[in-house]
$ cat upload_20.cif   # mmCIF, C-alpha atoms and all ligand atoms
data_structure
loop_
_atom_site.group_PDB
_atom_site.id
_atom_site.type_symbol
_atom_site.label_atom_id
_atom_site.label_comp_id
_atom_site.auth_asym_id
_atom_site.auth_seq_id
_atom_site.Cartn_x
_atom_site.Cartn_y
_atom_site.Cartn_z
ATOM 1 C CA MET J 1 50.897 -27.213 -16.291
ATOM 2 C CA ILE J 2 48.644 -24.673 -14.531
ATOM 3 C CA SER J 3 45.636 -22.817 -15.866
ATOM 4 C CA LEU J 4 43.616 -20.145 -14.040
ATOM 5 C CA ARG J 5 40.334 -19.001 -15.555
ATOM 6 C CA GLY J 6 38.695 -15.893 -14.192
ATOM 7 C CA VAL J 7 39.811 -16.554 -10.628
ATOM 8 C CA GLY J 8 38.340 -14.364 -7.891
ATOM 9 C CA TYR J 9 38.994 -14.594 -4.159
ATOM 10 C CA SER J 10 37.939 -12.498 -1.141
ATOM 11 C CA TYR J 11 38.905 -12.894 2.504
ATOM 12 C CA SER J 12 35.777 -11.060 3.644
ATOM 13 C CA ASP J 13 32.368 -9.987 2.341
ATOM 14 C CA THR J 14 33.248 -6.315 2.571
ATOM 15 C CA GLY J 15 36.037 -4.456 0.847
ATOM 16 C CA ARG J 16 38.048 -5.132 -2.264
ATOM 17 C CA PRO J 17 38.626 -8.766 -3.305
ATOM 18 C CA ALA J 18 42.221 -10.031 -2.949
ATOM 19 C CA LEU J 19 41.995 -11.409 -6.512
ATOM 20 C CA GLU J 20 39.630 -10.438 -9.300
ATOM 21 C CA ASP J 21 39.156 -12.156 -12.665
ATOM 22 C CA VAL J 22 42.701 -13.517 -12.896
ATOM 23 C CA SER J 23 43.382 -15.740 -15.897
ATOM 24 C CA LEU J 24 46.779 -17.150 -16.728
ATOM 25 C CA GLU J 25 48.600 -20.193 -18.049
ATOM 26 C CA VAL J 26 51.879 -21.594 -16.787
ATOM 27 C CA ARG J 27 53.541 -23.891 -19.288
ATOM 28 C CA GLN J 28 55.606 -26.902 -18.300
ATOM 29 C CA GLY J 29 59.256 -25.969 -17.708
ATOM 30 C CA GLU J 30 58.499 -22.262 -17.667
ATOM 31 C CA TRP J 31 60.039 -19.865 -15.112
ATOM 32 C CA ILE J 32 57.404 -17.316 -14.133
ATOM 33 C CA ALA J 33 58.169 -14.333 -11.919
ATOM 34 C CA LEU J 34 55.127 -12.957 -10.112
ATOM 35 C CA VAL J 35 55.657 -9.392 -8.925
ATOM 36 C CA GLY J 36 53.566 -6.634 -7.392
ATOM 37 C CA SER J 37 53.582 -4.256 -4.457
ATOM 38 C CA ASN J 38 52.727 -5.235 -0.902
ATOM 39 C CA GLY J 39 49.099 -6.426 -0.678
ATOM 40 C CA SER J 40 48.662 -6.782 -4.452
ATOM 41 C CA GLY J 41 47.570 -10.424 -4.072
ATOM 42 C CA LYS J 42 50.770 -12.363 -4.834
ATOM 43 C CA SER J 43 50.526 -14.749 -1.878
ATOM 44 C CA THR J 44 46.799 -15.277 -2.426
ATOM 45 C CA LEU J 45 47.471 -16.188 -6.050
ATOM 46 C CA ALA J 46 50.443 -18.418 -5.115
ATOM 47 C CA LYS J 47 48.235 -20.377 -2.688
ATOM 48 C CA HIS J 48 45.777 -21.134 -5.487
ATOM 49 C CA LEU J 49 48.512 -22.883 -7.452
ATOM 50 C CA ASN J 50 48.642 -25.877 -5.129
ATOM 51 C CA ALA J 51 45.101 -25.694 -3.796
ATOM 52 C CA LEU J 52 45.916 -24.170 -0.398
ATOM 53 C CA LEU J 53 43.130 -21.809 -1.458
ATOM 54 C CA VAL J 54 40.373 -22.612 -3.924
ATOM 55 C CA PRO J 55 38.795 -19.989 -6.167
ATOM 56 C CA MET J 56 35.494 -18.380 -5.131
ATOM 57 C CA GLN J 57 34.914 -17.384 -8.733
ATOM 58 C CA GLY J 58 36.380 -19.081 -11.773
ATOM 59 C CA ALA J 59 38.554 -22.181 -11.671
ATOM 60 C CA CYS J 60 42.109 -23.354 -11.310
ATOM 61 C CA PHE J 61 43.447 -26.439 -13.084
ATOM 62 C CA ILE J 62 46.754 -28.050 -12.147
ATOM 63 C CA SER J 63 47.921 -30.708 -14.624
ATOM 64 C CA GLY J 64 44.319 -30.674 -15.776
ATOM 65 C CA LEU J 65 42.957 -31.325 -12.250
ATOM 66 C CA ASP J 66 40.277 -28.958 -10.940
ATOM 67 C CA SER J 67 41.389 -27.636 -7.525
ATOM 68 C CA ARG J 68 37.743 -27.334 -6.402
ATOM 69 C CA ASP J 69 37.420 -31.138 -6.394
ATOM 70 C CA GLU J 70 38.728 -32.426 -3.035
ATOM 71 C CA ASN J 71 39.596 -35.785 -4.585
ATOM 72 C CA ASN J 72 42.319 -34.007 -6.557
ATOM 73 C CA LEU J 73 44.090 -32.407 -3.566
ATOM 74 C CA TRP J 74 46.756 -35.062 -2.999
ATOM 75 C CA LYS J 75 47.642 -35.353 -6.656
ATOM 76 C CA ILE J 76 47.854 -31.557 -6.968
ATOM 77 C CA ARG J 77 50.104 -31.200 -3.910
ATOM 78 C CA GLU J 78 52.355 -33.983 -5.189
ATOM 79 C CA THR J 79 52.767 -32.101 -8.461
ATOM 80 C CA VAL J 80 53.168 -28.571 -7.090
ATOM 81 C CA SER J 81 55.136 -27.757 -3.928
ATOM 82 C CA MET J 82 55.202 -24.451 -2.066
ATOM 83 C CA VAL J 83 58.317 -22.876 -0.592
ATOM 84 C CA PHE J 84 57.622 -20.059 1.861
ATOM 85 C CA GLN J 85 59.465 -17.003 3.075
ATOM 86 C CA ASN J 86 60.590 -18.311 6.438
ATOM 87 C CA PRO J 87 62.798 -21.389 6.132
ATOM 88 C CA GLU J 88 62.351 -22.170 9.847
ATOM 89 C CA ASN J 89 58.632 -22.876 9.391
ATOM 90 C CA GLN J 90 59.252 -25.542 6.760
ATOM 91 C CA ILE J 91 61.696 -27.705 8.649
ATOM 92 C CA VAL J 92 60.285 -30.802 10.327
ATOM 93 C CA SER J 93 63.383 -32.746 11.433
ATOM 94 C CA THR J 94 66.621 -31.969 13.246
ATOM 95 C CA VAL J 95 68.927 -33.728 10.753
ATOM 96 C CA VAL J 96 69.250 -32.658 7.110
ATOM 97 C CA GLU J 97 68.672 -36.039 5.419
ATOM 98 C CA ASP J 98 65.708 -36.863 7.698
ATOM 99 C CA ASP J 99 64.081 -33.595 6.746
ATOM 100 C CA VAL J 100 64.347 -34.392 3.032
ATOM 101 C CA ALA J 101 63.174 -37.978 3.647
ATOM 102 C CA PHE J 102 60.049 -36.861 5.517
ATOM 103 C CA GLY J 103 57.924 -36.322 2.397
ATOM 104 C CA PRO J 104 58.865 -39.530 0.552
ATOM 105 C CA GLU J 105 58.392 -41.511 3.791
ATOM 106 C CA ASN J 106 54.847 -40.192 4.034
ATOM 107 C CA LEU J 107 54.274 -41.343 0.469
ATOM 108 C CA GLY J 108 55.068 -44.854 1.756
ATOM 109 C CA LEU J 109 57.894 -45.453 -0.719
ATOM 110 C CA PRO J 110 60.374 -48.350 -0.302
ATOM 111 C CA ALA J 111 63.525 -47.492 1.724
ATOM 112 C CA GLU J 112 65.816 -47.811 -1.304
ATOM 113 C CA GLU J 113 63.731 -45.423 -3.355
ATOM 114 C CA ILE J 114 63.676 -42.936 -0.463
ATOM 115 C CA ARG J 115 67.487 -43.117 -0.106
ATOM 116 C CA SER J 116 68.004 -42.529 -3.801
ATOM 117 C CA ARG J 117 65.543 -39.613 -3.906
ATOM 118 C CA VAL J 118 67.100 -37.981 -0.827
ATOM 119 C CA ASP J 119 70.644 -38.294 -2.197
ATOM 120 C CA LYS J 120 69.614 -36.943 -5.602
ATOM 121 C CA ALA J 121 67.706 -33.992 -4.132
ATOM 122 C CA LEU J 122 70.574 -33.082 -1.787
ATOM 123 C CA ARG J 123 73.026 -33.261 -4.692
ATOM 124 C CA THR J 124 70.863 -31.020 -6.887
ATOM 125 C CA CYS J 125 70.590 -28.488 -4.076
ATOM 126 C CA GLY J 126 74.324 -28.554 -3.296
ATOM 127 C CA LEU J 127 73.801 -30.020 0.184
ATOM 128 C CA THR J 128 75.497 -33.418 -0.146
ATOM 129 C CA GLU J 129 78.124 -32.451 2.410
ATOM 130 C CA LYS J 130 75.395 -31.525 4.889
ATOM 131 C CA THR J 131 73.609 -34.912 4.646
ATOM 132 C CA ASP J 132 74.125 -35.950 8.285
ATOM 133 C CA LYS J 133 74.439 -32.486 9.797
ATOM 134 C CA ALA J 134 72.046 -30.850 12.233
ATOM 135 C CA VAL J 135 69.629 -28.483 10.540
ATOM 136 C CA TYR J 136 70.382 -25.685 13.006
ATOM 137 C CA THR J 137 73.976 -25.499 11.698
ATOM 138 C CA LEU J 138 72.742 -24.433 8.235
ATOM 139 C CA SER J 139 72.699 -20.836 7.022
ATOM 140 C CA GLY J 140 69.420 -19.255 5.905
ATOM 141 C CA GLY J 141 70.242 -19.857 2.243
ATOM 142 C CA GLN J 142 71.068 -23.493 2.970
ATOM 143 C CA LYS J 143 67.780 -23.904 4.851
ATOM 144 C CA GLN J 144 65.826 -22.606 1.859
ATOM 145 C CA ARG J 145 67.781 -24.996 -0.372
ATOM 146 C CA LEU J 146 66.837 -27.743 2.093
ATOM 147 C CA ALA J 147 63.160 -26.827 1.724
ATOM 148 C CA ILE J 148 63.577 -27.054 -2.057
ATOM 149 C CA ALA J 149 65.350 -30.433 -1.703
ATOM 150 C CA GLY J 150 62.346 -31.691 0.262
ATOM 151 C CA ALA J 151 60.018 -30.657 -2.548
ATOM 152 C CA LEU J 152 62.189 -32.337 -5.183
ATOM 153 C CA ALA J 153 62.349 -35.560 -3.141
ATOM 154 C CA MET J 154 58.526 -35.597 -3.168
ATOM 155 C CA GLY J 155 58.755 -35.737 -6.947
ATOM 156 C CA SER J 156 57.310 -32.258 -7.501
ATOM 157 C CA ARG J 157 57.642 -31.013 -11.079
ATOM 158 C CA CYS J 158 56.613 -27.487 -10.183
ATOM 159 C CA LEU J 159 57.729 -25.212 -7.366
ATOM 160 C CA VAL J 160 55.845 -22.146 -6.201
ATOM 161 C CA LEU J 161 58.191 -19.993 -4.147
ATOM 162 C CA ASP J 162 56.621 -17.142 -2.171
ATOM 163 C CA GLU J 163 59.344 -14.550 -1.503
ATOM 164 C CA PRO J 164 61.901 -17.305 -0.782
ATOM 165 C CA THR J 165 64.763 -14.824 -0.397
ATOM 166 C CA ALA J 166 62.991 -12.209 1.738
ATOM 167 C CA MET J 167 64.597 -13.316 4.990
ATOM 168 C CA LEU J 168 68.066 -14.061 3.590
ATOM 169 C CA ASP J 169 71.293 -12.072 3.456
ATOM 170 C CA PRO J 170 72.763 -11.222 0.015
ATOM 171 C CA ALA J 171 74.849 -14.428 -0.097
ATOM 172 C CA GLY J 172 71.814 -16.552 0.766
ATOM 173 C CA ARG J 173 69.695 -14.767 -1.856
ATOM 174 C CA ALA J 174 72.329 -15.411 -4.513
ATOM 175 C CA GLU J 175 72.480 -19.118 -3.562
ATOM 176 C CA VAL J 176 68.738 -19.547 -3.903
ATOM 177 C CA ILE J 177 68.563 -17.714 -7.252
ATOM 178 C CA ALA J 178 71.490 -19.793 -8.567
ATOM 179 C CA LEU J 179 69.581 -22.936 -7.562
ATOM 180 C CA LEU J 180 66.457 -21.712 -9.368
ATOM 181 C CA ARG J 181 68.570 -21.282 -12.504
ATOM 182 C CA GLU J 182 69.777 -24.849 -12.130
ATOM 183 C CA LEU J 183 66.258 -26.230 -11.596
ATOM 184 C CA HIS J 184 65.012 -24.310 -14.619
ATOM 185 C CA GLY J 185 67.779 -26.009 -16.619
ATOM 186 C CA LYS J 186 66.460 -29.378 -15.426
ATOM 187 C CA GLY J 187 62.971 -28.605 -16.675
ATOM 188 C CA ILE J 188 61.313 -27.897 -13.305
ATOM 189 C CA THR J 189 58.455 -25.405 -13.626
ATOM 190 C CA LEU J 190 58.993 -22.354 -11.384
ATOM 191 C CA VAL J 191 56.622 -19.693 -10.120
ATOM 192 C CA GLN J 192 58.742 -17.229 -8.192
ATOM 193 C CA VAL J 193 57.026 -14.540 -6.138
ATOM 194 C CA THR J 194 59.296 -11.621 -5.354
ATOM 195 C CA HIS J 195 59.373 -7.880 -4.937
ATOM 196 C CA ARG J 196 63.102 -7.759 -5.724
ATOM 197 C CA LEU J 197 63.190 -7.155 -9.443
ATOM 198 C CA GLU J 198 66.926 -7.830 -9.695
ATOM 199 C CA GLU J 199 65.979 -11.476 -9.027
ATOM 200 C CA ILE J 200 63.747 -11.881 -12.062
ATOM 201 C CA LEU J 201 66.338 -11.397 -14.812
ATOM 202 C CA ASP J 202 66.366 -15.094 -15.719
ATOM 203 C CA ALA J 203 62.604 -15.626 -15.708
ATOM 204 C CA ASP J 204 60.934 -16.502 -19.016
ATOM 205 C CA ARG J 205 57.910 -14.379 -18.231
ATOM 206 C CA VAL J 206 56.896 -11.787 -15.657
ATOM 207 C CA LEU J 207 53.353 -11.311 -14.380
ATOM 208 C CA VAL J 208 52.483 -8.069 -12.596
ATOM 209 C CA LEU J 209 49.681 -8.004 -10.027
ATOM 210 C CA ASP J 210 48.146 -4.744 -8.902
ATOM 211 C CA GLN J 211 45.236 -4.581 -6.439
ATOM 212 C CA GLY J 212 44.217 -8.143 -7.197
ATOM 213 C CA HIS J 213 44.326 -7.712 -10.973
ATOM 214 C CA LEU J 214 46.804 -9.161 -13.425
ATOM 215 C CA VAL J 215 47.815 -5.937 -15.153
ATOM 216 C CA TRP J 216 50.833 -6.815 -17.286
ATOM 217 C CA GLU J 217 52.763 -9.767 -18.631
ATOM 218 C CA GLY J 218 55.942 -9.921 -20.664
ATOM 219 C CA THR J 219 59.675 -10.490 -20.414
ATOM 220 C CA PRO J 220 61.906 -9.031 -17.664
ATOM 221 C CA ALA J 221 63.599 -6.815 -20.273
ATOM 222 C CA GLY J 222 60.179 -5.652 -21.440
ATOM 223 C CA LEU J 223 59.191 -4.738 -17.891
ATOM 224 C CA PHE J 224 62.341 -2.662 -17.421
ATOM 225 C CA ARG J 225 61.673 -0.790 -20.657
ATOM 226 C CA ILE J 226 58.463 0.589 -19.130
ATOM 227 C CA GLY J 227 59.590 3.861 -17.619
ATOM 228 C CA ASP J 228 57.297 4.309 -14.659
ATOM 229 C CA ILE J 229 56.639 0.904 -13.090
ATOM 230 C CA ASP J 230 57.227 2.523 -9.699
ATOM 231 C CA LYS J 231 54.406 5.040 -10.144
ATOM 232 C CA ARG J 232 52.110 2.653 -12.011
ATOM 233 C CA TRP J 233 52.342 -0.440 -9.830
ATOM 234 C CA GLY J 234 54.572 0.466 -6.890
ATOM 235 C CA LEU J 235 57.462 -1.624 -8.190
ATOM 236 C CA GLU J 236 60.984 -0.601 -7.344
ATOM 237 C CA VAL J 237 63.354 -0.416 -10.312
ATOM 238 C CA PRO J 238 66.661 -2.073 -9.346
ATOM 239 C CA ALA J 239 69.669 0.266 -9.094
ATOM 240 C CA MET J 240 71.600 -1.725 -11.718
ATOM 241 C CA VAL J 241 68.718 -1.350 -14.178
ATOM 242 C CA LYS J 242 68.667 2.423 -13.631
ATOM 243 C CA LEU J 243 72.445 2.548 -14.042
ATOM 244 C CA ARG J 244 72.285 0.574 -17.273
ATOM 245 C CA GLU J 245 69.602 2.887 -18.676
ATOM 246 C CA ARG J 246 71.841 5.907 -18.039
ATOM 247 C CA LEU J 247 74.851 4.190 -19.596
ATOM 248 C CA VAL J 248 72.775 3.186 -22.637
ATOM 249 C CA THR J 249 71.534 6.775 -23.033
ATOM 250 C CA ALA J 250 75.127 8.001 -22.768
ATOM 251 C CA GLY J 251 76.089 5.518 -25.490
ATOM 252 C CA LEU J 252 78.556 3.714 -23.216
ATOM 253 C CA VAL J 253 77.007 0.236 -23.200
ATOM 254 C CA GLY J 254 74.629 -1.673 -25.447
ATOM 255 C CA ARG J 255 70.934 -2.278 -24.727
ATOM 256 C CA ASP J 256 71.577 -5.995 -24.337
ATOM 257 C CA THR J 257 73.910 -5.451 -21.352
ATOM 258 C CA ALA J 258 72.749 -7.523 -18.376
ATOM 259 C CA PRO J 259 71.614 -5.165 -15.576
ATOM 260 C CA THR J 260 74.011 -6.680 -13.036
ATOM 261 C CA ALA J 261 77.328 -5.459 -11.634
ATOM 262 C CA GLU J 262 79.108 -8.186 -13.653
ATOM 263 C CA GLY J 263 77.262 -7.448 -16.898
ATOM 264 C CA ILE J 264 77.818 -3.701 -16.739
ATOM 265 C CA GLY J 265 81.451 -4.128 -15.661
ATOM 266 C CA GLU J 266 82.103 -6.442 -18.577
ATOM 267 C CA ALA J 267 80.404 -4.138 -21.072
ATOM 268 C CA LEU J 268 82.436 -1.135 -19.874
ATOM 269 C CA CYS J 269 85.794 -2.912 -19.831
ATOM 270 C CA LEU J 270 85.569 -4.588 -23.247
HETATM 271 P P1 LIG J 301 50.881 -9.861 -1.279
HETATM 272 O O1 LIG J 301 51.380 -11.262 -1.101
HETATM 273 O O2 LIG J 301 51.053 -9.357 -2.676
HETATM 274 O O3 LIG J 301 51.479 -8.924 -0.292
HETATM 275 P P2 LIG J 301 48.363 -10.911 -0.264
HETATM 276 O O4 LIG J 301 47.897 -11.965 -1.209
HETATM 277 O O5 LIG J 301 49.015 -11.368 0.986
HETATM 278 O O6 LIG J 301 49.298 -9.871 -1.041
HETATM 279 O O7 LIG J 301 47.125 -10.005 0.152
HETATM 280 C C1 LIG J 301 46.191 -9.489 -0.772
HETATM 281 C C2 LIG J 301 45.100 -8.773 0.000
HETATM 282 O O8 LIG J 301 44.378 -9.683 0.822
HETATM 283 C C3 LIG J 301 45.631 -7.691 0.933
HETATM 284 O O9 LIG J 301 44.714 -6.625 0.931
HETATM 285 C C4 LIG J 301 45.640 -8.383 2.285
HETATM 286 O O10 LIG J 301 45.473 -7.448 3.326
HETATM 287 C C5 LIG J 301 44.464 -9.326 2.190
HETATM 288 N N1 LIG J 301 44.697 -10.556 2.996
HETATM 289 C C6 LIG J 301 45.701 -11.435 2.818
HETATM 290 N N2 LIG J 301 45.607 -12.486 3.677
HETATM 291 C C7 LIG J 301 44.513 -12.241 4.429
HETATM 292 C C8 LIG J 301 43.878 -12.946 5.487
HETATM 293 N N3 LIG J 301 44.347 -14.115 5.944
HETATM 294 N N4 LIG J 301 42.753 -12.396 6.020
HETATM 295 C C9 LIG J 301 42.256 -11.215 5.561
HETATM 296 N N5 LIG J 301 42.801 -10.510 4.556
HETATM 297 C C10 LIG J 301 43.912 -11.001 3.988
HETATM 298 MG MG MG J 302 52.880 -12.069 0.104
#
$ encode --input "upload_20.cif" --output "structure tokens" --more "lines below"
Ligand code: ADP
Ligand code: MG
Amino acid sequence: MISLRGVGYSYSDTGRPALEDVSLEVRQGEWIALVGSNGSGKSTLAKHLNALLVPMQGACFISGLDSRDENNLWKIRETVSMVFQNPENQIVSTVVEDDVAFGPENLGLPAEEIRSRVDKALRTCGLTEKTDKAVYTLSGGQKQRLAIAGALAMGSRCLVLDEPTAMLDPAGRAEVIALLRELHGKGITLVQVTHRLEEILDADRVLVLDQGHLVWEGTPAGLFRIGDIDKRWGLEVPAMVKLRERLVTAGLVGRDTAPTAEGIGEALCL
């Protein structure tokens, strides 16, 4: 789906590049979590995935299309949609269904096709009941789900989400992660940027960025087995992961226990 080959990017001539020699592949239907401390280059990398930025060194191919070729921009942005941190910045209409219809309308699709895409996207994102409601009545989590519905209505097969839960309360965060799980089940490719490691448990693969370099890749469980990811890369180990490690060491739960309140509770009660 996406292939980066030796990508380098700098915002200025002086100082350290924001990205250096980054190579990676994202397969169709894969759920990738991209993690790293503040300033490690996550947003810069995310913006390369739908050609908001183009590489200064190396190349980036999306569905085989070279992002350096301007003729490919539309096709790339139809394939890969970005969802940003602040849901307010992504809303273009005052009514929920109009907001979702905005993208397909700009594609010049027939009215029937637009209606069917809007209804389907709202259903997938659990917003059917909000169809004719004013956007300002939505919660933060619902607004992020609305942004995702807009991307789906455009026909995007891949979503790049840059810290989509950063501005949400715990309920909103849980809603968005539950929706990602659902989209993954439907075969949508996901690149999820986050610094909250408790949100990456369902990802197929984790990529760690540190100072513009891709320094590690593996499974979420594999990442949590590394003892010192805080010291190495400035990543914060989630409390539930720490708790599980202590319970495993004490012989109270198995290694395969999910590092969530539910998983640990279940393992202890059985
Ligand atoms: P992250 O998303 O992991 O916090 P970024 O990709 O935003 O990291 O930033 C990577 C590096 O590039 C940081 O050193 C940051 O200060 C710098 N940077 C990011 N955006 C800009 C910009 N628009 N102009 C100048 N420097 C930038
Ligand atoms: Mg960022």
$ atom_distance --input "upload_20.cif" --atom1 "CA of Cys269 in chain J" --atom2 "CA of Glu182 in chain J"
28.2 Å
$ atom_distance --input "upload_20.cif" --atom1 "CA of Val253 in chain J" --atom2 "CA of Val241 in chain J"
12.4 Å
$ resolve_selection --input "upload_20.cif" --expression "the PyMOL selection byres (((chain J and resi 30) around 7) and not hetatm)" --output "PyMOL selection string"
chain J and resi 26-29+31-32+189-190+204
$ closest_atom_pairs --input "upload_20.cif" --of "range 119-229 of chain J" --to "range 43-67 of chain J" --cutoff "10 Å" --atoms "all atoms listed in the file" --output "Markdown table"
| residue | atom | partner | partner_atom | distance |
| --- | --- | --- | --- | --- |
| J:Cys158 | CA | J:Asn50 | CA | 9.6 |
| J:Leu159 | CA | J:Asn50 | CA | 9.4 |
| J:Val160 | CA | J:Ala46 | CA | 6.7 |
| J:Leu161 | CA | J:Ala46 | CA | 8.0 |
| J:Asp162 | CA | J:Ser43 | CA | 6.6 |
| J:Glu163 | CA | J:Ser43 | CA | 8.8 |
| J:Val191 | CA | J:Ala46 | CA | 8.1 |
| J:Gln192 | CA | J:Ala46 | CA | 8.9 |
| J:Val193 | CA | J:Ala46 | CA | 7.7 |
| J:Thr194 | CA | J:Ser43 | CA | 9.9 |
| J:Leu209 | CA | J:Leu45 | CA | 9.4 |
| J:Gly212 | CA | J:Leu45 | CA | 8.8 |
$ write_last_selection --input "upload_20.cif" --atoms "C-alpha atoms" --output "tab-separated table (two decimals), in the coordinates of the input"
chain	number	residue	atom	x	y	z
J	158	CYS	CA	56.61	-27.49	-10.18
J	159	LEU	CA	57.73	-25.21	-7.37
J	160	VAL	CA	55.84	-22.15	-6.20
J	161	LEU	CA	58.19	-19.99	-4.15
J	162	ASP	CA	56.62	-17.14	-2.17
J	163	GLU	CA	59.34	-14.55	-1.50
J	191	VAL	CA	56.62	-19.69	-10.12
J	192	GLN	CA	58.74	-17.23	-8.19
J	193	VAL	CA	57.03	-14.54	-6.14
J	194	THR	CA	59.30	-11.62	-5.35
J	209	LEU	CA	49.68	-8.00	-10.03
J	212	GLY	CA	44.22	-8.14	-7.20
$ residues_near_point --input "upload_20.cif" --point "(82.4, -1.5, -19.8)" --cutoff "12 Å" --atoms "only C-alpha atoms" --output "list in words"
Arg244, Leu247, Val248, Gly251, Leu252, Val253, Gly254, Thr257, Ala258, Thr260, Ala261, Glu262, Gly263, Ile264, Gly265, Glu266, Ala267, Leu268, Cys269 and Leu270 of chain J
$ residues_around --input "upload_20.cif" --residues "range 121-134 of chain J" --least-positions-apart "3" --cutoff "7 Å" --atoms "all atoms listed in the file" --output "ChimeraX atom specification"
/J:94-97,117-118,137,145,149,152-153,179
$ closest_residue --input "upload_20.cif" --among "J:Leu214, J:Met154, J:Val135, J:Val176" --to "ligand LIG 301 (chain J)" --atoms "all atoms listed in the file"
J:Leu214
$ atom_distance --input "upload_20.cif" --atom1 "CA of Pro170 in chain J" --atom2 "CA of Ile200 in chain J"
15.1 Å
$ residues_near_ligand --input "upload_20.cif" --ligand "ligand LIG 301 (chain J)" --cutoff "7 Å" --atoms "all atoms listed in the file" --output "ChimeraX atom specification"
/J:11-12,18,36-45,212
$ closest_residue --input "upload_20.cif" --among "J:His213, J:Arg205, J:Arg246, J:His195" --to "ligand MG 302 (chain J)" --atoms "all atoms listed in the file"
J:His195
$ closest_residue --input "upload_20.cif" --among "J:Thr249, J:Ser93, J:Thr219, J:Asn86" --to "ligand MG 302 (chain J)" --atoms "only C-alpha atoms and all ligand atoms"
J:Asn86
$ closest_residue --input "upload_20.cif" --among "J:Val35, J:Ala101, J:Ile91, J:Leu180" --to "Val208 in chain J" --atoms "only C-alpha atoms"
J:Val35
$ build_atoms --input "upload_20.cif" --residues "range 204-209 of chain J" --atoms "all heavy atoms" --output "PDB file, in the frame of the given file"
ATOM      1  N   ASP J 204      61.420 -16.524 -17.636  1.00  0.00           N
ATOM      2  CA  ASP J 204      60.934 -16.502 -19.016  1.00  0.00           C
ATOM      3  C   ASP J 204      59.857 -15.436 -19.174  1.00  0.00           C
ATOM      4  O   ASP J 204      59.721 -14.818 -20.218  1.00  0.00           O
ATOM      5  CB  ASP J 204      60.321 -17.856 -19.390  1.00  0.00           C
ATOM      6  CG  ASP J 204      61.344 -18.969 -19.343  1.00  0.00           C
ATOM      7  OD1 ASP J 204      62.449 -18.759 -19.878  1.00  0.00           O
ATOM      8  OD2 ASP J 204      61.051 -20.037 -18.766  1.00  0.00           O
ATOM      9  N   ARG J 205      59.058 -15.262 -18.123  1.00  0.00           N
ATOM     10  CA  ARG J 205      57.910 -14.379 -18.231  1.00  0.00           C
ATOM     11  C   ARG J 205      57.634 -13.750 -16.880  1.00  0.00           C
ATOM     12  O   ARG J 205      57.808 -14.393 -15.845  1.00  0.00           O
ATOM     13  CB  ARG J 205      56.697 -15.210 -18.666  1.00  0.00           C
ATOM     14  CG  ARG J 205      55.557 -14.461 -19.275  1.00  0.00           C
ATOM     15  CD  ARG J 205      54.851 -15.326 -20.335  1.00  0.00           C
ATOM     16  NE  ARG J 205      54.418 -16.604 -19.820  1.00  0.00           N
ATOM     17  CZ  ARG J 205      53.180 -16.845 -19.369  1.00  0.00           C
ATOM     18  NH1 ARG J 205      52.266 -15.906 -19.381  1.00  0.00           N
ATOM     19  NH2 ARG J 205      52.846 -18.039 -18.926  1.00  0.00           N
ATOM     20  N   VAL J 206      57.232 -12.500 -16.888  1.00  0.00           N
ATOM     21  CA  VAL J 206      56.896 -11.787 -15.657  1.00  0.00           C
ATOM     22  C   VAL J 206      55.404 -11.475 -15.673  1.00  0.00           C
ATOM     23  O   VAL J 206      54.863 -11.048 -16.698  1.00  0.00           O
ATOM     24  CB  VAL J 206      57.649 -10.439 -15.553  1.00  0.00           C
ATOM     25  CG1 VAL J 206      57.439  -9.810 -14.181  1.00  0.00           C
ATOM     26  CG2 VAL J 206      59.125 -10.622 -15.828  1.00  0.00           C
ATOM     27  N   LEU J 207      54.750 -11.702 -14.547  1.00  0.00           N
ATOM     28  CA  LEU J 207      53.353 -11.311 -14.380  1.00  0.00           C
ATOM     29  C   LEU J 207      53.304 -10.234 -13.316  1.00  0.00           C
ATOM     30  O   LEU J 207      53.902 -10.399 -12.256  1.00  0.00           O
ATOM     31  CB  LEU J 207      52.497 -12.498 -13.933  1.00  0.00           C
ATOM     32  CG  LEU J 207      52.549 -13.769 -14.784  1.00  0.00           C
ATOM     33  CD1 LEU J 207      51.716 -14.864 -14.131  1.00  0.00           C
ATOM     34  CD2 LEU J 207      52.036 -13.497 -16.188  1.00  0.00           C
ATOM     35  N   VAL J 208      52.599  -9.146 -13.581  1.00  0.00           N
ATOM     36  CA  VAL J 208      52.483  -8.069 -12.596  1.00  0.00           C
ATOM     37  C   VAL J 208      51.065  -8.057 -12.037  1.00  0.00           C
ATOM     38  O   VAL J 208      50.093  -8.001 -12.792  1.00  0.00           O
ATOM     39  CB  VAL J 208      52.797  -6.685 -13.223  1.00  0.00           C
ATOM     40  CG1 VAL J 208      52.651  -5.589 -12.163  1.00  0.00           C
ATOM     41  CG2 VAL J 208      54.197  -6.666 -13.832  1.00  0.00           C
ATOM     42  N   LEU J 209      50.974  -8.124 -10.707  1.00  0.00           N
ATOM     43  CA  LEU J 209      49.681  -8.004 -10.027  1.00  0.00           C
ATOM     44  C   LEU J 209      49.571  -6.620  -9.415  1.00  0.00           C
ATOM     45  O   LEU J 209      50.531  -6.097  -8.850  1.00  0.00           O
ATOM     46  CB  LEU J 209      49.591  -9.026  -8.894  1.00  0.00           C
ATOM     47  CG  LEU J 209      48.989 -10.397  -9.164  1.00  0.00           C
ATOM     48  CD1 LEU J 209      49.009 -11.212  -7.881  1.00  0.00           C
ATOM     49  CD2 LEU J 209      47.585 -10.316  -9.705  1.00  0.00           C
TER      50      LEU J 209
END
